[in-house]
>>> print(open('final-v9.txt').read())   # compact mmCIF, C-alpha atoms
# COMPACT_ATOMS: atom_id res chain seq x y z
CA MET O 1 -242.92 -95.53 -77.77
CA ASN O 2 -242.65 -97.25 -81.11
CA PHE O 3 -239.45 -97.66 -83.15
CA LEU O 4 -239.86 -94.38 -85.02
CA GLU O 5 -240.66 -92.32 -81.93
CA GLU O 6 -237.60 -93.79 -80.24
CA ARG O 7 -235.43 -92.88 -83.20
CA ILE O 8 -236.79 -89.32 -83.28
CA ILE O 9 -235.96 -88.91 -79.58
CA LYS O 10 -232.48 -90.30 -80.18
CA ASP O 11 -231.51 -88.51 -83.41
CA GLY O 12 -234.07 -85.80 -84.19
CA ILE O 13 -233.08 -82.19 -83.59
CA VAL O 14 -235.59 -79.52 -82.65
CA LYS O 15 -234.90 -76.13 -84.23
CA PRO O 16 -236.63 -72.81 -83.60
CA GLY O 17 -239.86 -72.27 -85.56
CA ASN O 18 -241.24 -75.76 -84.93
CA VAL O 19 -238.70 -77.37 -87.23
CA LEU O 20 -237.83 -81.01 -86.53
CA LYS O 21 -234.67 -82.09 -88.32
CA VAL O 22 -234.53 -85.80 -89.06
CA ASP O 23 -232.08 -85.64 -91.92
CA SER O 24 -229.65 -88.07 -90.29
CA PHE O 25 -232.05 -90.98 -90.87
CA LEU O 26 -235.08 -89.96 -92.92
CA ASN O 27 -234.71 -87.24 -95.55
CA HIS O 28 -231.09 -86.68 -96.48
CA GLN O 29 -229.24 -89.65 -95.07
CA ILE O 30 -231.63 -92.63 -95.05
CA ASP O 31 -231.56 -95.58 -92.67
CA ILE O 32 -232.84 -98.38 -94.89
CA ASP O 33 -233.59 -100.82 -92.08
CA LEU O 34 -235.76 -98.15 -90.44
CA LEU O 35 -237.60 -97.51 -93.71
CA ASP O 36 -238.16 -101.24 -94.06
CA LEU O 37 -239.77 -101.33 -90.60
CA MET O 38 -241.92 -98.36 -91.57
CA GLY O 39 -242.98 -100.09 -94.77
CA LYS O 40 -243.92 -103.21 -92.81
CA GLU O 41 -245.94 -101.14 -90.36
CA PHE O 42 -247.81 -99.28 -93.13
CA HIS O 43 -248.56 -102.63 -94.73
CA LYS O 44 -250.00 -103.89 -91.45
CA ARG O 45 -252.20 -100.82 -91.06
CA PHE O 46 -253.49 -100.73 -94.64
CA SER O 47 -253.44 -104.42 -95.56
CA GLU O 48 -257.25 -104.59 -95.87
CA GLU O 49 -257.50 -101.68 -98.29
CA LYS O 50 -256.73 -103.55 -101.53
CA VAL O 51 -254.10 -100.97 -102.43
CA THR O 52 -253.18 -101.02 -106.15
CA LYS O 53 -250.62 -98.22 -106.16
CA ILE O 54 -248.60 -96.04 -103.83
CA LEU O 55 -248.48 -92.32 -104.59
CA THR O 56 -245.92 -89.94 -103.16
CA ILE O 57 -244.25 -86.67 -104.05
CA GLU O 58 -240.61 -86.01 -104.86
CA ALA O 59 -238.10 -86.08 -103.34
CA SER O 60 -238.10 -87.25 -99.73
CA GLY O 61 -241.25 -89.37 -100.00
CA ILE O 62 -239.74 -91.65 -102.63
CA GLY O 63 -237.56 -93.80 -100.38
CA ILE O 64 -240.34 -94.49 -97.89
CA ALA O 65 -242.81 -95.16 -100.72
CA CYS O 66 -240.47 -97.67 -102.37
CA MET O 67 -239.71 -99.50 -99.14
CA THR O 68 -243.46 -99.63 -98.41
CA ALA O 69 -244.42 -100.76 -101.92
CA ARG O 70 -242.15 -103.77 -101.51
CA HIS O 71 -244.49 -105.10 -98.81
CA PHE O 72 -247.63 -104.45 -100.86
CA ARG O 73 -246.07 -105.66 -104.14
CA VAL O 74 -247.55 -102.69 -106.01
CA PRO O 75 -245.93 -99.93 -108.11
CA VAL O 76 -244.97 -96.51 -106.80
CA VAL O 77 -245.88 -93.32 -108.64
CA PHE O 78 -244.17 -90.14 -107.57
CA ALA O 79 -245.67 -86.76 -108.39
CA LYS O 80 -243.17 -84.30 -109.79
CA LYS O 81 -242.82 -80.68 -108.77
CA SER O 82 -242.43 -77.75 -111.10
CA GLN O 83 -243.03 -74.05 -110.89
CA THR O 84 -243.92 -73.81 -114.58
CA VAL O 85 -245.92 -76.88 -115.65
CA VAL O 86 -249.44 -76.37 -117.03
CA GLN O 87 -252.38 -78.73 -117.14
CA ASP O 88 -252.55 -80.47 -120.52
CA ASP O 89 -253.82 -83.64 -122.15
CA ASP O 90 -250.98 -85.67 -120.69
CA LYS O 91 -250.99 -84.78 -117.01
CA TYR O 92 -253.01 -84.03 -113.92
CA VAL O 93 -251.78 -80.92 -112.11
CA SER O 94 -252.49 -79.56 -108.65
CA ASP O 95 -250.99 -76.81 -106.47
CA VAL O 96 -249.08 -77.39 -103.27
CA THR O 97 -248.02 -74.51 -101.05
CA SER O 98 -245.09 -75.25 -98.77
CA TYR O 99 -245.31 -73.35 -95.49
CA THR O 100 -241.71 -74.33 -94.78
CA HIS O 101 -240.24 -73.01 -98.01
CA LYS O 102 -242.87 -70.31 -98.65
CA VAL O 103 -243.40 -71.30 -102.27
CA THR O 104 -246.25 -72.72 -104.30
CA ASN O 105 -245.27 -75.59 -106.56
CA HIS O 106 -247.38 -77.23 -109.17
CA VAL O 107 -247.28 -80.98 -108.73
CA PHE O 108 -248.18 -83.29 -111.56
CA VAL O 109 -248.63 -86.91 -112.52
CA SER O 110 -248.80 -88.29 -116.03
CA LYS O 111 -252.38 -89.37 -116.80
CA LYS O 112 -251.11 -92.81 -117.80
CA TYR O 113 -250.19 -93.72 -114.24
CA ILE O 114 -253.42 -93.23 -112.29
CA ASN O 115 -256.60 -94.91 -113.48
CA PRO O 116 -260.25 -94.95 -112.36
CA ASP O 117 -259.83 -98.44 -110.92
CA ASP O 118 -256.83 -97.49 -108.80
CA ARG O 119 -257.00 -97.71 -105.00
CA ILE O 120 -254.28 -95.33 -103.94
CA LEU O 121 -252.26 -95.24 -100.72
CA ILE O 122 -250.56 -91.86 -100.29
CA ILE O 123 -247.21 -92.02 -98.47
CA ASP O 124 -245.10 -89.09 -97.31
CA ASP O 125 -242.40 -88.28 -94.77
CA PHE O 126 -244.04 -85.30 -93.03
CA MET O 127 -247.49 -83.83 -92.53
CA ALA O 128 -247.93 -80.32 -91.18
CA HIS O 129 -250.67 -78.30 -92.89
CA GLY O 130 -251.56 -81.25 -95.13
CA GLN O 131 -251.00 -79.34 -98.35
CA ALA O 132 -249.02 -82.08 -100.10
CA SER O 133 -251.62 -84.75 -99.30
CA LEU O 134 -254.45 -82.44 -100.41
CA GLY O 135 -252.66 -81.87 -103.72
CA LEU O 136 -252.19 -85.61 -104.25
CA ILE O 137 -255.83 -86.30 -103.30
CA ASP O 138 -256.89 -83.71 -105.88
CA ILE O 139 -254.82 -85.48 -108.54
CA VAL O 140 -256.30 -88.91 -107.69
CA LYS O 141 -259.82 -87.40 -107.87
CA GLN O 142 -259.10 -85.89 -111.27
CA ALA O 143 -258.11 -89.37 -112.43
CA GLY O 144 -261.30 -90.89 -111.00
CA GLY O 145 -259.38 -93.13 -108.58
CA VAL O 146 -259.93 -93.61 -104.86
CA VAL O 147 -257.61 -92.64 -102.01
CA VAL O 148 -257.90 -95.57 -99.59
CA GLY O 149 -255.41 -94.26 -97.07
CA ILE O 150 -252.67 -91.83 -96.16
CA GLY O 151 -249.53 -93.07 -94.40
CA ILE O 152 -247.26 -90.46 -92.88
CA ALA O 153 -243.97 -90.98 -91.05
CA ILE O 154 -244.11 -87.89 -88.82
CA GLU O 155 -247.20 -85.76 -88.27
CA LYS O 156 -246.96 -82.40 -86.58
CA GLY O 157 -250.03 -82.82 -84.40
CA PHE O 158 -250.04 -79.17 -83.38
CA GLN O 159 -250.70 -78.09 -86.97
CA GLN O 160 -254.03 -78.67 -88.60
CA GLY O 161 -253.33 -81.01 -91.53
CA GLY O 162 -254.03 -84.27 -89.71
CA GLN O 163 -257.27 -83.05 -88.15
CA LEU O 164 -258.44 -81.62 -91.48
CA LEU O 165 -257.87 -84.90 -93.34
CA ARG O 166 -259.40 -87.07 -90.60
CA ASP O 167 -262.44 -84.74 -90.56
CA LYS O 168 -262.78 -85.27 -94.29
CA GLY O 169 -263.02 -89.00 -93.57
CA TYR O 170 -259.62 -90.16 -94.78
CA LYS O 171 -257.93 -93.07 -93.05
CA LEU O 172 -254.76 -91.27 -92.00
CA GLU O 173 -252.10 -93.23 -90.13
CA SER O 174 -249.05 -91.43 -88.81
CA LEU O 175 -246.28 -93.51 -87.28
CA ALA O 176 -245.33 -90.65 -84.95
CA ILE O 177 -247.47 -87.65 -84.02
CA VAL O 178 -245.52 -84.83 -82.41
CA GLU O 179 -247.77 -82.97 -79.96
CA SER O 180 -245.21 -80.41 -78.95
CA MET O 181 -241.53 -79.71 -79.15
CA ASP O 182 -239.20 -77.19 -77.60
CA SER O 183 -236.07 -75.98 -79.34
CA GLU O 184 -234.54 -74.71 -76.10
CA THR O 185 -234.73 -77.95 -74.14
CA GLY O 186 -234.88 -80.29 -77.15
CA ARG O 187 -237.92 -81.95 -75.58
CA ILE O 188 -240.35 -83.73 -77.92
CA GLU O 189 -243.75 -85.04 -76.84
CA PHE O 190 -245.75 -87.54 -78.86
CA ARG O 191 -249.48 -88.10 -78.96
CA LYS O 192 -250.48 -91.40 -77.32
CA GLN O 193 -251.88 -93.63 -80.07
CA MET X 1 -230.38 -109.49 -123.14
CA ASN X 2 -230.65 -109.03 -119.40
CA PHE X 3 -233.85 -108.22 -117.48
CA LEU X 4 -233.44 -104.45 -117.77
CA GLU X 5 -232.63 -104.48 -121.49
CA GLU X 6 -235.69 -106.65 -122.05
CA ARG X 7 -237.86 -104.21 -120.12
CA ILE X 8 -236.49 -101.23 -122.05
CA ILE X 9 -237.30 -102.97 -125.35
CA LYS X 10 -240.81 -103.77 -124.08
CA ASP X 11 -241.77 -100.48 -122.42
CA GLY X 12 -239.19 -97.81 -123.28
CA ILE X 13 -240.18 -95.15 -125.81
CA VAL X 14 -237.65 -93.47 -128.09
CA LYS X 15 -238.32 -89.78 -128.68
CA PRO X 16 -236.57 -87.40 -131.05
CA GLY X 17 -233.35 -85.85 -129.73
CA ASN X 18 -231.98 -89.10 -128.29
CA VAL X 19 -234.54 -89.13 -125.49
CA LEU X 20 -235.41 -92.54 -124.03
CA LYS X 21 -238.59 -92.43 -121.94
CA VAL X 22 -238.73 -95.08 -119.25
CA ASP X 23 -241.20 -93.31 -116.97
CA SER X 24 -243.61 -96.24 -116.96
CA PHE X 25 -241.23 -98.33 -114.85
CA LEU X 26 -238.19 -96.33 -113.72
CA ASN X 27 -238.55 -92.62 -113.07
CA HIS X 28 -242.17 -91.61 -112.62
CA GLN X 29 -244.02 -94.87 -112.11
CA ILE X 30 -241.64 -97.34 -110.46
CA ASP X 31 -241.73 -101.13 -110.78
CA ILE X 32 -240.46 -102.19 -107.36
CA ASP X 33 -239.73 -105.80 -108.32
CA LEU X 34 -237.55 -104.52 -111.17
CA LEU X 35 -235.70 -102.17 -108.81
CA ASP X 36 -235.15 -105.04 -106.44
CA LEU X 37 -233.54 -107.08 -109.25
CA MET X 38 -231.39 -104.08 -110.12
CA GLY X 39 -230.33 -103.73 -106.48
CA LYS X 40 -229.42 -107.42 -106.35
CA GLU X 41 -227.36 -107.07 -109.54
CA PHE X 42 -225.50 -103.99 -108.29
CA HIS X 43 -224.76 -105.87 -105.08
CA LYS X 44 -223.32 -108.76 -107.09
CA ARG X 45 -221.11 -106.44 -109.14
CA PHE X 46 -219.83 -104.37 -106.21
CA SER X 47 -219.88 -106.90 -103.38
CA GLU X 48 -216.06 -106.88 -103.04
CA GLU X 49 -215.80 -103.12 -102.66
CA LYS X 50 -216.57 -102.83 -98.93
CA VAL X 51 -219.22 -100.18 -99.63
CA THR X 52 -220.11 -98.14 -96.53
CA LYS X 53 -222.66 -95.81 -98.09
CA ILE X 54 -224.68 -95.30 -101.26
CA LEU X 55 -224.79 -91.81 -102.70
CA THR X 56 -227.35 -90.62 -105.24
CA ILE X 57 -229.01 -87.41 -106.35
CA GLU X 58 -232.64 -86.40 -106.04
CA ALA X 59 -235.14 -87.30 -107.29
CA SER X 60 -235.17 -90.30 -109.59
CA GLY X 61 -232.03 -91.92 -108.19
CA ILE X 62 -233.54 -92.31 -104.72
CA GLY X 63 -235.72 -95.35 -105.38
CA ILE X 64 -232.94 -97.33 -107.05
CA ALA X 65 -230.48 -96.30 -104.34
CA CYS X 66 -232.82 -97.46 -101.56
CA MET X 67 -233.59 -100.78 -103.21
CA THR X 68 -229.84 -101.29 -103.72
CA ALA X 69 -228.88 -100.26 -100.18
CA ARG X 70 -231.17 -102.97 -98.86
CA HIS X 71 -228.84 -105.60 -100.33
CA PHE X 72 -225.68 -103.92 -99.00
CA ARG X 73 -227.24 -103.08 -95.61
CA VAL X 74 -225.75 -99.58 -95.72
CA PRO X 75 -227.36 -96.11 -95.52
CA VAL X 76 -228.30 -94.01 -98.53
CA VAL X 77 -227.40 -90.34 -98.81
CA PHE X 78 -229.09 -88.32 -101.48
CA ALA X 79 -227.58 -85.05 -102.69
CA LYS X 80 -230.08 -82.23 -102.93
CA LYS X 81 -230.41 -79.81 -105.82
CA SER X 82 -230.79 -76.08 -105.54
CA GLN X 83 -230.18 -73.14 -107.82
CA THR X 84 -229.29 -70.88 -104.91
CA VAL X 85 -227.30 -72.80 -102.28
CA VAL X 86 -223.77 -71.63 -101.43
CA GLN X 87 -220.84 -73.54 -100.00
CA ASP X 88 -220.67 -73.06 -96.22
CA ASP X 89 -219.41 -74.75 -93.08
CA ASP X 90 -222.26 -77.26 -93.15
CA LYS X 91 -222.25 -78.59 -96.68
CA TYR X 92 -220.22 -79.71 -99.66
CA VAL X 93 -221.46 -78.15 -102.90
CA SER X 94 -220.74 -78.98 -106.53
CA ASP X 95 -222.23 -77.92 -109.87
CA VAL X 96 -224.15 -80.20 -112.21
CA THR X 97 -225.19 -79.07 -115.66
CA SER X 98 -228.12 -80.93 -117.15
CA TYR X 99 -227.89 -81.22 -120.91
CA THR X 100 -231.48 -82.42 -120.99
CA HIS X 101 -232.95 -79.52 -119.06
CA LYS X 102 -230.32 -76.93 -120.04
CA VAL X 103 -229.79 -75.70 -116.48
CA THR X 104 -226.97 -75.76 -113.98
CA ASN X 105 -227.94 -76.85 -110.50
CA HIS X 106 -225.86 -76.75 -107.43
CA VAL X 107 -225.96 -80.10 -105.65
CA PHE X 108 -225.04 -80.41 -102.02
CA VAL X 109 -224.61 -82.87 -99.20
CA SER X 110 -224.44 -82.04 -95.52
CA LYS X 111 -220.88 -82.51 -94.26
CA LYS X 112 -222.15 -84.80 -91.50
CA TYR X 113 -223.08 -87.54 -93.94
CA ILE X 114 -219.85 -88.24 -95.83
CA ASN X 115 -216.67 -88.96 -93.89
CA PRO X 116 -213.01 -89.63 -94.79
CA ASP X 117 -213.44 -93.34 -94.03
CA ASP X 118 -216.46 -93.74 -96.33
CA ARG X 119 -216.27 -96.05 -99.34
CA ILE X 120 -219.01 -94.68 -101.56
CA LEU X 121 -221.03 -96.40 -104.27
CA ILE X 122 -222.72 -93.84 -106.52
CA ILE X 123 -226.07 -94.98 -107.93
CA ASP X 124 -228.18 -93.20 -110.55
CA ASP X 125 -230.86 -93.94 -113.12
CA PHE X 126 -229.21 -92.46 -116.23
CA MET X 127 -225.77 -91.54 -117.46
CA ALA X 128 -225.32 -89.39 -120.55
CA HIS X 129 -222.57 -86.78 -120.27
CA GLY X 130 -221.68 -87.96 -116.76
CA GLN X 131 -222.24 -84.57 -115.16
CA ALA X 132 -224.23 -85.85 -112.18
CA SER X 133 -221.63 -88.51 -111.35
CA LEU X 134 -218.79 -85.99 -111.71
CA GLY X 135 -220.58 -83.65 -109.29
CA LEU X 136 -221.07 -86.45 -106.76
CA ILE X 137 -217.42 -87.57 -107.14
CA ASP X 138 -216.35 -83.98 -106.47
CA ILE X 139 -218.41 -83.95 -103.27
CA VAL X 140 -216.95 -87.26 -102.05
CA LYS X 141 -213.43 -85.93 -102.75
CA GLN X 142 -214.15 -82.76 -100.79
CA ALA X 143 -215.15 -85.00 -97.88
CA GLY X 144 -211.96 -87.06 -98.20
CA GLY X 145 -213.91 -90.25 -98.95
CA VAL X 146 -213.34 -92.75 -101.76
CA VAL X 147 -215.67 -93.55 -104.67
CA VAL X 148 -215.38 -97.33 -105.02
CA GLY X 149 -217.88 -97.65 -107.83
CA ILE X 150 -220.62 -96.14 -109.95
CA GLY X 151 -223.75 -98.14 -110.72
CA ILE X 152 -226.02 -96.83 -113.45
CA ALA X 153 -229.30 -98.27 -114.68
CA ILE X 154 -229.16 -96.97 -118.26
CA GLU X 155 -226.06 -95.53 -119.90
CA LYS X 156 -226.29 -93.69 -123.20
CA GLY X 157 -223.23 -95.29 -124.75
CA PHE X 158 -223.20 -92.83 -127.65
CA GLN X 159 -222.55 -89.93 -125.28
CA GLN X 160 -219.21 -89.48 -123.61
CA GLY X 161 -219.91 -89.79 -119.87
CA GLY X 162 -219.24 -93.51 -119.55
CA GLN X 163 -215.98 -93.37 -121.52
CA LEU X 164 -214.81 -90.34 -119.55
CA LEU X 165 -215.38 -92.01 -116.18
CA ARG X 166 -213.86 -95.34 -117.22
CA ASP X 167 -210.83 -93.45 -118.56
CA LYS X 168 -210.47 -91.79 -115.17
CA GLY X 169 -210.25 -95.30 -113.68
CA TYR X 170 -213.65 -95.57 -112.02
CA LYS X 171 -215.36 -98.93 -111.83
CA LEU X 172 -218.53 -98.01 -113.70
CA GLU X 173 -221.18 -100.68 -114.15
CA SER X 174 -224.24 -99.92 -116.26
CA LEU X 175 -227.01 -102.50 -116.38
CA ALA X 176 -227.96 -101.43 -119.91
CA ILE X 177 -225.80 -99.47 -122.36
CA VAL X 178 -227.74 -98.04 -125.28
CA GLU X 179 -225.48 -97.89 -128.35
CA SER X 180 -228.03 -96.32 -130.64
CA MET X 181 -231.72 -95.62 -130.87
CA ASP X 182 -234.04 -94.40 -133.57
CA SER X 183 -237.16 -92.40 -132.81
CA GLU X 184 -238.69 -93.18 -136.22
CA THR X 185 -238.49 -96.96 -136.04
CA GLY X 186 -238.35 -97.21 -132.22
CA ARG X 187 -235.32 -99.48 -132.58
CA ILE X 188 -232.90 -99.63 -129.63
CA GLU X 189 -229.50 -101.34 -129.78
CA PHE X 190 -227.52 -102.28 -126.70
CA ARG X 191 -223.79 -102.70 -126.31
CA LYS X 192 -222.82 -106.34 -125.80
CA GLN X 193 -221.41 -106.67 -122.28
>>> encode(input="final-v9.txt", output="structure tokens")
Amino acid sequence: MNFLEERIIKDGIVKPGNVLKVDSFLNHQIDIDLLDLMGKEFHKRFSEEKVTKILTIEASGIGIACMTARHFRVPVVFAKKSQTVVQDDDKYVSDVTSYTHKVTNHVFVSKKYINPDDRILIIDDFMAHGQASLGLIDIVKQAGGVVVGIGIAIEKGFQQGGQLLRDKGYKLESLAIVESMDSETGRIEFRKQ
Amino acid sequence: MNFLEERIIKDGIVKPGNVLKVDSFLNHQIDIDLLDLMGKEFHKRFSEEKVTKILTIEASGIGIACMTARHFRVPVVFAKKSQTVVQDDDKYVSDVTSYTHKVTNHVFVSKKYINPDDRILIIDDFMAHGQASLGLIDIVKQAGGVVVGIGIAIEKGFQQGGQLLRDKGYKLESLAIVESMDSETGRIEFRKQ
């Protein structure tokens, strides 16, 4: 097991409905040393990709993206969420449906901050159905940039987002892939990587 | 002028209605080297305060809080916003009215992540009327913790939040205090510190 898998076993809590709570170290309270290790690991895995910018989505992706950007020495751009924003001359907009929260948000990025020569690394805390990454990929495509990789902290391997994105040819690296979890026993199994 | 004031002069854009846009380096696209300098400076100013935790509010405070926490080697907790959440056994809730967006959000923190022995440094990107900081202070008080300082990137010195919090006795340090700005000429004046 790697450092993140070990931490999930130690502090993650499995709730009914395939919910994995990691808010003691990842997305409410944040362990900065852990994020720094994650950033280092993402840098190792994507160091050949000539990344020019890291793209994430508010709110819980921002910390990981910043601590990763430090190792790449590139800027972070975070997409904003809104239920009301419309596409206009200033921004690229895409739709992201959250299966967890049962809402569709528009996500948007100001056109100034993604350019055709950008080589984008997408970073996020979770991947389940892959909707957030697909929305961010759509935005990068609208801007004419290239997505050179997707770095995820925790992938739910039993949902189809990861498979879908790998099938599309994206270099997707998840630090922990949960194969199964059981809210009654608390047991979590990871995919061997 | 310090490094942040210089950057605001170079890349900040003054809009009508006392709006200062800094989304090219602070709250949409993020310059990580700049945030690291800000974190170092906050650490210098609050190094005597025995900070145990950094508290901020989603979304644009998270990056600065993480890059500051790295220098203190303490965890970050970010308060979440919701228009619907209610106080319950699990969370502390407070209200924050945004003058910019003309809405009142509830902000909340899980009770697990602030304790009576915590010495909290509040970090945020902007201070205008001080509503966000007052909401976070309220949450820390509910938890029985102590707010040992408030670190703000950009304070709008012509609005009353900074004065209000200093009058209440809080150690508030703002890296840049805008005294006045003019959307017609683009001129920005900082308070001498």
>>> closest_atom_pairs(input="final-v9.txt", of="chain X", to="chain O", cutoff="9 Å", atoms="all atoms listed in the file", output="CSV")
residue,atom,partner,partner_atom,distance
X:Ser24,CA,O:Tyr113,CA,7.6
X:Phe25,CA,O:Pro75,CA,8.4
X:Asn27,CA,O:Phe78,CA,8.2
X:His28,CA,O:Phe78,CA,5.6
X:Gln29,CA,O:Val77,CA,4.2
X:Ile30,CA,O:Val76,CA,5.0
X:Asp31,CA,O:Pro75,CA,5.1
X:Ile32,CA,O:Pro75,CA,6.0
X:Asp33,CA,O:Arg70,CA,7.5
X:Asp36,CA,O:Arg70,CA,8.7
X:Glu58,CA,O:Ala59,CA,6.1
X:Ala59,CA,O:Ala59,CA,5.1
X:Ser60,CA,O:Ala59,CA,8.1
X:Ile62,CA,O:Gly63,CA,6.1
X:Gly63,CA,O:Gly63,CA,5.5
X:Ile64,CA,O:Gly63,CA,8.8
X:Ala65,CA,O:Gly63,CA,8.5
X:Cys66,CA,O:Gly63,CA,6.1
X:Met67,CA,O:Met67,CA,7.5
X:Ala69,CA,O:Ile32,CA,6.9
X:Arg70,CA,O:Ile32,CA,6.3
X:Arg73,CA,O:Ile32,CA,7.3
X:Val74,CA,O:Ile32,CA,7.2
X:Pro75,CA,O:Asp31,CA,5.1
X:Val76,CA,O:Ile30,CA,5.0
X:Val77,CA,O:Gln29,CA,4.2
X:Phe78,CA,O:His28,CA,5.6
X:Ala79,CA,O:His28,CA,7.3
X:Lys80,CA,O:His28,CA,7.9
X:Val109,CA,O:His28,CA,8.0
X:Ser110,CA,O:His28,CA,8.2
X:Lys112,CA,O:Ser24,CA,8.3
X:Tyr113,CA,O:Gln29,CA,6.6
>>> write_last_selection(input="final-v9.txt", atoms="C-alpha atoms", output="tab-separated table (two decimals), in the coordinates of the input")
chain	number	residue	atom	x	y	z
X	24	SER	CA	-243.61	-96.24	-116.96
X	25	PHE	CA	-241.23	-98.33	-114.85
X	27	ASN	CA	-238.55	-92.62	-113.07
X	28	HIS	CA	-242.17	-91.61	-112.62
X	29	GLN	CA	-244.02	-94.87	-112.11
X	30	ILE	CA	-241.64	-97.34	-110.46
X	31	ASP	CA	-241.73	-101.13	-110.78
X	32	ILE	CA	-240.46	-102.19	-107.36
X	33	ASP	CA	-239.73	-105.80	-108.32
X	36	ASP	CA	-235.15	-105.04	-106.44
X	58	GLU	CA	-232.64	-86.40	-106.04
X	59	ALA	CA	-235.14	-87.30	-107.29
X	60	SER	CA	-235.17	-90.30	-109.59
X	62	ILE	CA	-233.54	-92.31	-104.72
X	63	GLY	CA	-235.72	-95.35	-105.38
X	64	ILE	CA	-232.94	-97.33	-107.05
X	65	ALA	CA	-230.48	-96.30	-104.34
X	66	CYS	CA	-232.82	-97.46	-101.56
X	67	MET	CA	-233.59	-100.78	-103.21
X	69	ALA	CA	-228.88	-100.26	-100.18
X	70	ARG	CA	-231.17	-102.97	-98.86
X	73	ARG	CA	-227.24	-103.08	-95.61
X	74	VAL	CA	-225.75	-99.58	-95.72
X	75	PRO	CA	-227.36	-96.11	-95.52
X	76	VAL	CA	-228.30	-94.01	-98.53
X	77	VAL	CA	-227.40	-90.34	-98.81
X	78	PHE	CA	-229.09	-88.32	-101.48
X	79	ALA	CA	-227.58	-85.05	-102.69
X	80	LYS	CA	-230.08	-82.23	-102.93
X	109	VAL	CA	-224.61	-82.87	-99.20
X	110	SER	CA	-224.44	-82.04	-95.52
X	112	LYS	CA	-222.15	-84.80	-91.50
X	113	TYR	CA	-223.08	-87.54	-93.94
>>> atom_distance(input="final-v9.txt", atom1="CA of Gln131 in chain O", atom2="CA of Val148 in chain O")
17.7 Å
>>> atom_distance(input="final-v9.txt", atom1="CA of Lys21 in chain X", atom2="CA of Gln160 in chain X")
19.7 Å
>>> closest_residue(input="final-v9.txt", among="X:Gly151, X:Gly162, X:Gly186, X:Gly12", to="Lys44 in chain X", atoms="only C-alpha atoms")
X:Gly151
>>> residues_near_point(input="final-v9.txt", point="(-220.3, -90.7, -123.3)", cutoff="12 Å", atoms="only C-alpha atoms", output="PyMOL selection string")
chain X and resi 126-131+154-167+177-179
>>> atom_distance(input="final-v9.txt", atom1="CA of Asp125 in chain O", atom2="CA of Glu173 in chain O")
11.8 Å
>>> residues_near_point(input="final-v9.txt", point="(-236.1, -95.7, -123.8)", cutoff="10 Å", atoms="only C-alpha atoms", output="tab-separated table (two decimals) with C-alpha atoms, keeping the file's coordinate frame")
chain	number	residue	atom	x	y	z
X	5	GLU	CA	-232.63	-104.48	-121.49
X	7	ARG	CA	-237.86	-104.21	-120.12
X	8	ILE	CA	-236.49	-101.23	-122.05
X	9	ILE	CA	-237.30	-102.97	-125.35
X	10	LYS	CA	-240.81	-103.77	-124.08
X	11	ASP	CA	-241.77	-100.48	-122.42
X	12	GLY	CA	-239.19	-97.81	-123.28
X	13	ILE	CA	-240.18	-95.15	-125.81
X	14	VAL	CA	-237.65	-93.47	-128.09
X	15	LYS	CA	-238.32	-89.78	-128.68
X	18	ASN	CA	-231.98	-89.10	-128.29
X	19	VAL	CA	-234.54	-89.13	-125.49
X	20	LEU	CA	-235.41	-92.54	-124.03
X	21	LYS	CA	-238.59	-92.43	-121.94
X	22	VAL	CA	-238.73	-95.08	-119.25
X	23	ASP	CA	-241.20	-93.31	-116.97
X	154	ILE	CA	-229.16	-96.97	-118.26
X	178	VAL	CA	-227.74	-98.04	-125.28
X	181	MET	CA	-231.72	-95.62	-130.87
X	183	SER	CA	-237.16	-92.40	-132.81
X	186	GLY	CA	-238.35	-97.21	-132.22
X	187	ARG	CA	-235.32	-99.48	-132.58
X	188	ILE	CA	-232.90	-99.63	-129.63
>>> closest_residue(input="final-v9.txt", among="X:Thr185, X:Thr52, X:Ser174, X:Ser98", to="Pro16 in chain X", atoms="all atoms listed in the file")
X:Thr185
>>> decode(input="final-v9.txt", residues="range 171-186 of chain X", atoms="C-alpha atoms", output="tab-separated table (two decimals), in the first residue's frame")
chain	number	residue	atom	x	y	z
X	171	LYS	CA	-4.42	40.86	15.55
X	172	LEU	CA	-5.31	41.49	11.92
X	173	GLU	CA	-2.50	41.58	9.38
X	174	SER	CA	-3.29	42.50	5.78
X	175	LEU	CA	-0.52	42.22	3.22
X	176	ALA	CA	-2.02	45.05	1.16
X	177	ILE	CA	-4.51	47.66	2.36
X	178	VAL	CA	-6.19	49.56	-0.46
X	179	GLU	CA	-7.01	53.09	0.71
X	180	SER	CA	-8.67	54.20	-2.49
X	181	MET	CA	-9.05	53.17	-6.09
X	182	ASP	CA	-10.44	54.78	-9.19
X	183	SER	CA	-12.00	52.77	-12.00
X	184	GLU	CA	-11.61	55.64	-14.49
X	185	THR	CA	-7.88	56.18	-14.09
X	186	GLY	CA	-7.07	52.69	-12.74
